[in-house]
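Dumped query_36.cif below, it's mmCIF, C-alpha atoms and all ligand atoms:
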data_input
loop_
_atom_site.label_atom_id
_atom_site.label_comp_id
_atom_site.auth_asym_id
_atom_site.auth_seq_id
_atom_site.Cartn_x
_atom_site.Cartn_y
_atom_site.Cartn_z
CA MET P 30 28.77 54.07 34.52
CA SER P 31 31.63 55.02 36.85
CA ALA P 32 35.32 55.15 35.91
CA ILE P 33 35.92 52.26 38.32
CA GLN P 34 33.46 50.10 36.38
CA ASN P 35 35.39 50.89 33.24
CA LEU P 36 38.51 49.34 34.77
CA LYS P 37 36.74 46.10 35.67
CA PRO P 38 36.68 43.33 33.07
CA PRO P 39 33.21 42.80 31.59
CA ILE P 40 31.24 39.86 32.96
CA GLY P 41 30.23 37.70 30.00
CA LEU P 42 26.88 35.97 30.06
CA MET P 43 27.15 32.26 30.74
CA ALA P 44 27.35 30.53 27.35
CA LEU P 45 25.75 27.18 27.94
CA SER P 46 26.07 23.77 26.43
CA PHE P 47 23.07 21.52 26.92
CA GLN P 48 23.58 17.80 27.39
CA THR P 49 21.22 15.10 26.29
CA PRO P 50 20.18 12.98 29.28
CA SER P 51 21.38 9.39 29.20
CA SER P 52 18.83 6.61 29.57
CA ARG P 53 18.32 7.72 33.19
CA PHE P 54 16.39 10.95 33.57
CA PRO P 55 18.28 13.49 35.75
CA ALA P 56 17.15 13.56 39.39
CA LEU P 57 16.21 17.01 40.69
CA GLY P 58 17.86 17.45 44.08
CA SER P 59 17.09 20.29 46.46
CA GLY P 60 18.88 23.54 45.54
CA GLU P 61 19.31 22.34 41.94
CA LEU P 62 17.93 24.21 38.96
CA HIS P 63 17.53 22.23 35.77
CA LEU P 64 17.43 24.32 32.66
CA TRP P 65 16.01 22.59 29.60
CA LYS P 66 16.22 23.77 26.03
CA ALA P 67 13.98 22.54 23.23
CA SER P 68 14.04 23.19 19.53
CA LEU P 69 10.49 23.82 18.38
CA SER P 70 11.05 22.39 14.88
CA VAL P 71 9.98 18.76 14.70
CA THR P 72 8.89 16.37 11.96
CA PRO P 73 5.16 16.15 11.08
CA HIS P 74 5.06 12.69 12.67
CA GLN P 75 6.57 13.99 15.91
CA GLN P 76 4.20 16.96 15.82
CA GLU P 77 1.23 14.60 15.65
CA ARG P 78 2.48 12.52 18.57
CA LEU P 79 3.16 15.60 20.64
CA PHE P 80 -0.28 17.07 19.87
CA ALA P 81 -1.84 13.85 21.19
CA THR P 82 -0.39 14.54 24.67
CA LEU P 83 -2.21 17.90 25.02
CA ASN P 84 -5.54 18.22 26.82
CA ASN P 85 -8.67 19.66 25.18
CA GLU P 86 -8.10 23.16 26.50
CA GLU P 87 -4.57 23.21 25.05
CA ARG P 88 -5.80 21.82 21.72
CA ASP P 89 -8.45 24.55 21.57
CA ARG P 90 -5.82 27.13 22.36
CA ALA P 91 -3.57 25.75 19.62
CA ASP P 92 -6.45 25.91 17.15
CA ARG P 93 -7.04 29.58 17.91
CA PHE P 94 -3.61 30.56 16.55
CA VAL P 95 -4.13 31.95 13.07
CA ILE P 96 -0.53 31.55 11.97
CA HIS P 97 0.35 27.87 11.49
CA LEU P 98 3.96 28.25 12.51
CA VAL P 99 2.93 29.87 15.82
CA ARG P 100 0.37 27.10 16.41
CA ASP P 101 2.94 24.40 15.74
CA ARG P 102 5.51 26.00 18.00
CA PHE P 103 2.98 26.36 20.82
CA ILE P 104 2.11 22.65 20.51
CA VAL P 105 5.74 21.55 20.68
CA ALA P 106 6.58 23.94 23.53
CA ARG P 107 3.61 22.74 25.60
CA ALA P 108 4.13 19.07 24.80
CA ALA P 109 7.83 19.33 25.70
CA LEU P 110 6.81 20.90 29.01
CA ARG P 111 4.43 18.00 29.66
CA ASP P 112 7.08 15.48 28.71
CA ILE P 113 9.77 17.03 30.93
CA LEU P 114 7.48 17.43 33.97
CA GLY P 115 5.95 13.99 33.42
CA LYS P 116 9.41 12.43 33.59
CA TYR P 117 10.17 14.13 36.94
CA LEU P 118 6.79 12.98 38.22
CA GLY P 119 7.02 9.47 36.76
CA ARG P 120 3.81 9.94 34.73
CA PRO P 121 2.93 10.04 31.04
CA ALA P 122 2.98 13.53 29.55
CA SER P 123 -0.80 13.45 29.04
CA GLU P 124 -1.31 12.92 32.79
CA VAL P 125 0.41 16.10 33.89
CA HIS P 126 -2.23 18.54 35.20
CA PHE P 127 -1.83 22.29 35.33
CA ALA P 128 -3.45 25.02 37.39
CA TYR P 129 -3.13 28.70 36.49
CA GLY P 130 -2.44 31.73 38.67
CA GLU P 131 -4.47 34.93 38.53
CA HIS P 132 -2.35 36.25 35.65
CA GLY P 133 -1.98 32.97 33.81
CA LYS P 134 1.19 31.47 35.32
CA PRO P 135 1.01 27.68 34.93
CA GLU P 136 1.93 25.45 37.84
CA LEU P 137 1.45 21.79 38.69
CA ALA P 138 -2.05 21.07 40.05
CA ASP P 139 -2.71 18.74 42.99
CA ASP P 140 0.88 17.81 43.30
CA GLY P 141 3.03 17.06 46.32
CA SER P 142 6.34 17.04 44.44
CA GLY P 143 7.10 20.72 45.16
CA ILE P 144 8.28 21.08 41.57
CA CYS P 145 8.16 24.68 40.36
CA PHE P 146 8.78 25.61 36.75
CA ASN P 147 8.53 28.34 34.18
CA LEU P 148 9.20 28.63 30.47
CA SER P 149 9.74 31.08 27.70
CA HIS P 150 9.82 30.64 23.96
CA THR P 151 10.83 32.81 21.09
CA ARG P 152 11.04 31.77 17.46
CA ASN P 153 12.37 28.25 17.40
CA VAL P 154 13.75 28.04 20.93
CA ALA P 155 12.05 27.20 24.22
CA ILE P 156 13.74 27.34 27.62
CA TYR P 157 12.35 25.70 30.77
CA GLY P 158 13.54 26.25 34.35
CA VAL P 159 12.64 23.53 36.88
CA ILE P 160 13.42 23.62 40.61
CA ARG P 161 11.87 22.30 43.81
CA HIS P 162 10.13 24.60 46.29
CA PHE P 163 11.24 27.95 44.89
CA ARG P 164 9.41 30.28 42.53
CA VAL P 165 11.18 30.61 39.20
CA GLY P 166 10.75 32.79 36.12
CA VAL P 167 12.40 32.49 32.70
CA ASP P 168 12.68 34.80 29.73
CA VAL P 169 14.43 34.27 26.41
CA GLU P 170 14.73 36.81 23.62
CA CYS P 171 16.42 37.02 20.23
CA LEU P 172 19.33 39.42 20.07
CA ASP P 173 18.24 40.77 16.69
CA ARG P 174 14.76 41.91 17.71
CA PRO P 175 14.13 44.94 15.49
CA THR P 176 12.01 46.96 17.95
CA TYR P 177 15.01 48.12 19.93
CA THR P 178 15.79 51.00 17.62
CA ASP P 179 13.50 52.89 20.01
CA ARG P 180 15.18 51.43 23.05
CA LEU P 181 15.68 54.71 24.95
CA LYS P 182 12.01 55.63 24.53
CA LEU P 183 10.94 52.15 25.61
CA ALA P 184 13.29 52.26 28.57
CA GLU P 185 11.97 55.66 29.64
CA ARG P 186 8.44 54.37 29.42
CA PHE P 187 8.83 50.97 31.07
CA PHE P 188 12.09 50.73 33.01
CA SER P 189 12.80 52.40 36.33
CA ALA P 190 14.34 55.88 36.30
CA SER P 191 17.74 54.53 37.37
CA GLU P 192 17.76 51.74 34.75
CA SER P 193 16.79 54.23 32.08
CA ARG P 194 19.55 56.64 33.14
CA THR P 195 22.14 53.84 33.17
CA LEU P 196 21.10 52.75 29.68
CA GLU P 197 21.32 56.28 28.35
CA SER P 198 24.80 56.74 29.84
CA LEU P 199 26.20 53.80 27.85
CA PRO P 200 27.89 54.23 24.47
CA GLU P 201 25.33 53.69 21.73
CA ASP P 202 26.91 50.47 20.46
CA ARG P 203 26.40 48.85 23.88
CA GLN P 204 22.83 49.94 24.43
CA ASP P 205 21.02 47.20 22.52
CA ALA P 206 22.69 44.42 24.49
CA ALA P 207 22.14 46.30 27.77
CA PHE P 208 18.48 46.86 26.89
CA LEU P 209 17.97 43.13 26.36
CA ARG P 210 19.87 42.21 29.51
CA CYS P 211 17.60 44.55 31.44
CA TRP P 212 14.44 43.38 29.69
CA THR P 213 15.06 39.64 30.13
CA ARG P 214 16.02 40.10 33.81
CA LYS P 215 12.93 42.20 34.50
CA GLU P 216 10.61 39.83 32.67
CA ALA P 217 12.10 36.75 34.35
CA PHE P 218 11.39 38.34 37.74
CA VAL P 219 7.77 39.28 37.03
CA LYS P 220 7.21 35.81 35.61
CA ALA P 221 8.68 34.27 38.76
CA ILE P 222 6.19 36.16 40.94
CA GLY P 223 3.42 35.26 38.48
CA GLU P 224 2.36 38.81 37.70
CA GLY P 225 3.86 39.06 34.25
CA LEU P 226 3.64 42.47 32.67
CA THR P 227 0.76 43.47 34.97
CA CYS P 228 3.52 44.35 37.50
CA PRO P 229 4.74 47.93 36.97
CA LEU P 230 8.26 47.46 35.63
CA SER P 231 9.41 50.74 37.16
CA GLU P 232 8.84 49.43 40.70
CA TYR P 233 12.02 47.36 40.84
CA ASP P 234 15.59 47.58 39.52
CA VAL P 235 17.90 45.06 37.91
CA THR P 236 21.49 45.38 36.73
CA LEU P 237 22.08 45.85 33.02
CA THR P 238 25.66 46.72 32.15
CA GLU P 239 28.18 44.01 31.32
CA TYR P 240 30.22 45.10 34.36
CA ASP P 241 27.55 44.19 36.92
CA PRO P 242 26.60 40.60 37.72
CA PRO P 243 22.92 39.83 37.11
CA ALA P 244 20.97 40.96 40.20
CA LEU P 245 17.68 42.31 41.43
CA THR P 246 18.88 45.43 43.26
CA ALA P 247 15.67 47.11 44.48
CA THR P 248 12.01 46.27 45.06
CA ARG P 249 10.23 49.45 46.09
CA TRP P 250 7.09 47.81 47.53
CA ASP P 251 9.24 45.92 50.08
CA PRO P 252 12.95 46.80 50.19
CA SER P 253 13.84 43.44 51.75
CA GLU P 254 12.38 41.44 48.83
CA ALA P 255 15.25 42.15 46.42
CA GLY P 256 17.70 40.28 48.66
CA ARG P 257 15.60 37.14 48.53
CA TRP P 258 16.14 36.53 44.80
CA SER P 259 18.93 35.32 42.53
CA LEU P 260 19.20 36.28 38.87
CA LEU P 261 21.12 34.43 36.19
CA GLY P 262 22.01 35.86 32.79
CA LEU P 263 22.60 33.27 30.07
CA LYS P 264 23.34 32.76 26.42
CA PRO P 265 21.34 29.61 25.61
CA GLU P 266 22.65 29.63 22.04
CA PRO P 267 24.21 32.12 19.62
CA GLY P 268 21.83 34.96 18.86
CA TYR P 269 19.71 34.49 21.99
CA ILE P 270 19.81 35.92 25.49
CA ALA P 271 17.98 34.56 28.51
CA ALA P 272 17.51 35.32 32.18
CA ILE P 273 16.25 33.28 35.09
CA ALA P 274 14.95 34.68 38.35
CA VAL P 275 14.81 32.23 41.21
CA GLU P 276 13.83 32.69 44.80
CA GLY P 277 16.52 31.99 47.35
CA PRO P 278 20.30 31.60 47.05
CA PRO P 279 21.93 30.93 43.66
CA PRO P 280 20.99 27.38 42.71
CA HIS P 281 23.29 24.72 41.33
CA LEU P 282 22.59 24.90 37.59
CA SER P 283 22.62 22.01 35.13
CA THR P 284 21.53 22.26 31.52
CA TRP P 285 19.69 19.68 29.45
CA GLN P 286 18.53 19.33 25.87
CA TRP P 287 15.02 18.00 25.27
CA HIS P 288 14.45 15.79 22.21
CA PRO P 289 11.10 14.50 21.00
CA GLU P 290 10.71 10.75 20.63
CA THR P 291 11.32 9.73 17.06
C1 LIG P 301 3.76 36.21 31.13
C2 LIG P 301 4.10 37.14 29.99
C3 LIG P 301 5.10 38.17 30.50
C4 LIG P 301 4.71 36.24 28.86
O1 LIG P 301 5.27 37.02 27.89
P1 LIG P 301 5.86 36.55 26.47
O2 LIG P 301 7.17 37.25 26.30
O3 LIG P 301 4.83 36.75 25.46
O4 LIG P 301 6.06 34.99 26.52
P2 LIG P 301 7.19 34.00 27.03
O5 LIG P 301 7.51 33.13 25.90
O6 LIG P 301 8.31 34.66 27.75
O7 LIG P 301 6.40 33.15 28.14
C5 LIG P 301 5.24 32.46 27.82
C6 LIG P 301 5.02 31.41 28.87
O8 LIG P 301 4.99 31.99 30.18
C7 LIG P 301 4.06 31.28 30.99
N1 LIG P 301 3.18 32.28 31.58
C8 LIG P 301 1.99 32.74 31.17
N2 LIG P 301 1.54 33.67 32.04
C9 LIG P 301 2.46 33.78 33.01
C10 LIG P 301 2.56 34.58 34.17
N3 LIG P 301 1.61 35.43 34.54
N4 LIG P 301 3.68 34.46 34.94
C11 LIG P 301 4.64 33.60 34.59
N5 LIG P 301 4.60 32.81 33.49
C12 LIG P 301 3.52 32.91 32.71
C13 LIG P 301 3.34 30.29 30.08
O9 LIG P 301 3.89 29.03 30.29
C14 LIG P 301 3.66 30.78 28.71
O10 LIG P 301 3.80 29.74 27.78
P3 LIG P 301 2.59 29.35 26.81
O11 LIG P 301 2.19 30.64 26.16
O12 LIG P 301 3.20 28.38 25.88
O13 LIG P 301 1.55 28.84 27.70
C15 LIG P 301 2.86 37.89 29.46
O14 LIG P 301 2.01 36.99 28.80
C16 LIG P 301 2.07 38.53 30.61
O15 LIG P 301 2.43 39.59 31.08
N6 LIG P 301 1.00 37.89 31.08
C17 LIG P 301 0.27 38.31 32.27
C18 LIG P 301 -0.82 39.30 32.01
C19 LIG P 301 -1.86 38.79 31.08
O16 LIG P 301 -1.88 39.14 29.95
N7 LIG P 301 -2.74 37.93 31.54
C20 LIG P 301 -3.77 37.38 30.67
C21 LIG P 301 -4.00 35.94 30.97
S1 LIG P 301 -4.81 35.75 32.56
#
Serialized structure, structure tokens:
Amino acid sequence: MSAIQNLKPPIGLMALSFQTPSSRFPALGSGELHLWKASLSVTPHQQERLFATLNNEERDRADRFVIHLVRDRFIVARAALRDILGKYLGRPASEVHFAYGEHGKPELADDGSGICFNLSHTRNVAIYGVIRHFRVGVDVECLDRPTYTDRLKLAERFFSASESRTLESLPEDRQDAAFLRCWTRKEAFVKAIGEGLTCPLSEYDVTLTEYDPPALTATRWDPSEAGRWSLLGLKPEPGYIAAIAVEGPPPHLSTWQWHPET
């Protein structure tokens, strides 16, 4: 980090408040990104109703989870996705159809709406990004993930050389947060392009210190690609950090809370 950066005020992550939609579902205009948050804890009755909206493949997938809590959270996260997309499409949740990319990225099948989406869940929180006509990727992580005691080793192994050097140059008490900023930004990008962690994470750079706005700064396979993306760094709720990568110019962001029907 340069001395000049030290003089700049730190750029805080956007701390968001999520509003509950009124009786009218929010319309998704062009250039707008709707970010939805869902709590994955629901009542047993709600869980049953949500399960009923899943298709057979999703029910089989749910049944393969050995840990009940993980199964239940998957069901709610998937059913919330169906409910949200169904409302944009004007269809019941059970009539939303998905197709999957080569590396498993879900998208809407046979659909002329141009709606693109992505989601991420960790523990009890799920975050969904929805936009028209632009690829989008989302990642959310808990700030207290214990694995980051080995952050420098992980960074050396997975991050690019310049990201790893930047992380190492930071005072130790700022490294955990910087690691997670870097990780969520990188993961959001590879989810946006659909490759997930099959994409070598060292092949592109993102910003990670609190003095640099979220950005994709280099894509080594095609230097012009980095300029075609926007990155957002967010605090969806205390204790969590999230990033969104979206193709094109920075979108107009609005934030919404999903609730299951009672
Ligand atoms: C995508 C990936 C990075 C998700 O990592 P994660 O931190 O465990 O999970 P997150 O909560 O952030 O995201 C999970 C969601 O991302 C979406 N997703 C799955 N694969 C995706 C991909 N390739 N690109 C973008 N999004 C993807 C799904 O909606 C998934 O939700 P679900 O599990 O409820 O269906 C990881 O699974 C990956 O690298 N997958 C690609 C490689 C792979 O293993 N492929 C095997 C299946 S073909």
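Take the candidates P:Asp241, P:Glu77, P:Glu87, P:Asp101 and check each one against His126 of chain P using all atoms listed in the file; the shortest distance goes to P:Glu87.
Going from atom CA of Leu45 of chain P over to atom CA of Lys66 of chain P, you cover 10.3 Å.
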Centre and edge lengths of an axis-aligned box around all listed atoms of segment 167-171 of chain P, with 6 Å added on each side, are to be given in Å to one decimal, as AutoDock Vina command-line options.
--center_x 14.4 --center_y 34.8 --center_z 26.5 --size_x 16.0 --size_y 16.5 --size_z 24.5
Could I get the residue neighbourhood of ligand LIG 301 (chain P) at 8 Å, counting only C-alpha atoms and all ligand atoms, as a PDB file with C-alpha atoms, in the coordinates of the input?
ATOM      1  CA  PHE P 103       2.980  26.360  20.820  1.00  0.00           C
ATOM      2  CA  ILE P 104       2.110  22.650  20.510  1.00  0.00           C
ATOM      3  CA  ALA P 106       6.580  23.940  23.530  1.00  0.00           C
ATOM      4  CA  ARG P 107       3.610  22.740  25.600  1.00  0.00           C
ATOM      5  CA  GLY P 130      -2.440  31.730  38.670  1.00  0.00           C
ATOM      6  CA  GLU P 131      -4.470  34.930  38.530  1.00  0.00           C
ATOM      7  CA  HIS P 132      -2.350  36.250  35.650  1.00  0.00           C
ATOM      8  CA  GLY P 133      -1.980  32.970  33.810  1.00  0.00           C
ATOM      9  CA  LYS P 134       1.190  31.470  35.320  1.00  0.00           C
ATOM     10  CA  PRO P 135       1.010  27.680  34.930  1.00  0.00           C
ATOM     11  CA  ASN P 147       8.530  28.340  34.180  1.00  0.00           C
ATOM     12  CA  LEU P 148       9.200  28.630  30.470  1.00  0.00           C
ATOM     13  CA  SER P 149       9.740  31.080  27.700  1.00  0.00           C
ATOM     14  CA  HIS P 150       9.820  30.640  23.960  1.00  0.00           C
ATOM     15  CA  THR P 151      10.830  32.810  21.090  1.00  0.00           C
ATOM     16  CA  ALA P 155      12.050  27.200  24.220  1.00  0.00           C
ATOM     17  CA  GLY P 166      10.750  32.790  36.120  1.00  0.00           C
ATOM     18  CA  VAL P 167      12.400  32.490  32.700  1.00  0.00           C
ATOM     19  CA  ASP P 168      12.680  34.800  29.730  1.00  0.00           C
ATOM     20  CA  VAL P 169      14.430  34.270  26.410  1.00  0.00           C
ATOM     21  CA  GLU P 170      14.730  36.810  23.620  1.00  0.00           C
ATOM     22  CA  GLU P 216      10.610  39.830  32.670  1.00  0.00           C
ATOM     23  CA  ALA P 217      12.100  36.750  34.350  1.00  0.00           C
ATOM     24  CA  VAL P 219       7.770  39.280  37.030  1.00  0.00           C
ATOM     25  CA  LYS P 220       7.210  35.810  35.610  1.00  0.00           C
ATOM     26  CA  ALA P 221       8.680  34.270  38.760  1.00  0.00           C
ATOM     27  CA  ILE P 222       6.190  36.160  40.940  1.00  0.00           C
ATOM     28  CA  GLY P 223       3.420  35.260  38.480  1.00  0.00           C
ATOM     29  CA  GLU P 224       2.360  38.810  37.700  1.00  0.00           C
ATOM     30  CA  GLY P 225       3.860  39.060  34.250  1.00  0.00           C
ATOM     31  CA  LEU P 226       3.640  42.470  32.670  1.00  0.00           C
ATOM     32  CA  THR P 227       0.760  43.470  34.970  1.00  0.00           C
TER      33      THR P 227
END
| request: Can you work out which one of P:His74, P:Ala44, P:Leu118, P:Trp285 has the shortest atom-to-atom distance to Gly268 of chain P, counting all atoms listed in the file? | output: P:Ala44
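For the atom pair formed by atom CA of Gly60 of chain P and atom CA of Thr246 of chain P, the distance is 22.0 Å, given to one decimal.
Across P:Lys182, P:His63, P:Arg53, P:Arg249, the tightest approach to Arg194 of chain P is made by P:Lys182 when counting all atoms listed in the file.
In terms of minimum interatomic distance to Thr49 of chain P, P:Trp65 ranks closest within P:Trp212, P:Tyr269, P:Trp65, P:Phe146, counting only C-alpha atoms.
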| task | Up to 12 Å from (3.6, 28.4, 15.2) in the file's coordinates: name the residues, counting only C-alpha atoms, as a PyMOL selection string. | result | chain P and resi 69-71+76+90-107+150-154
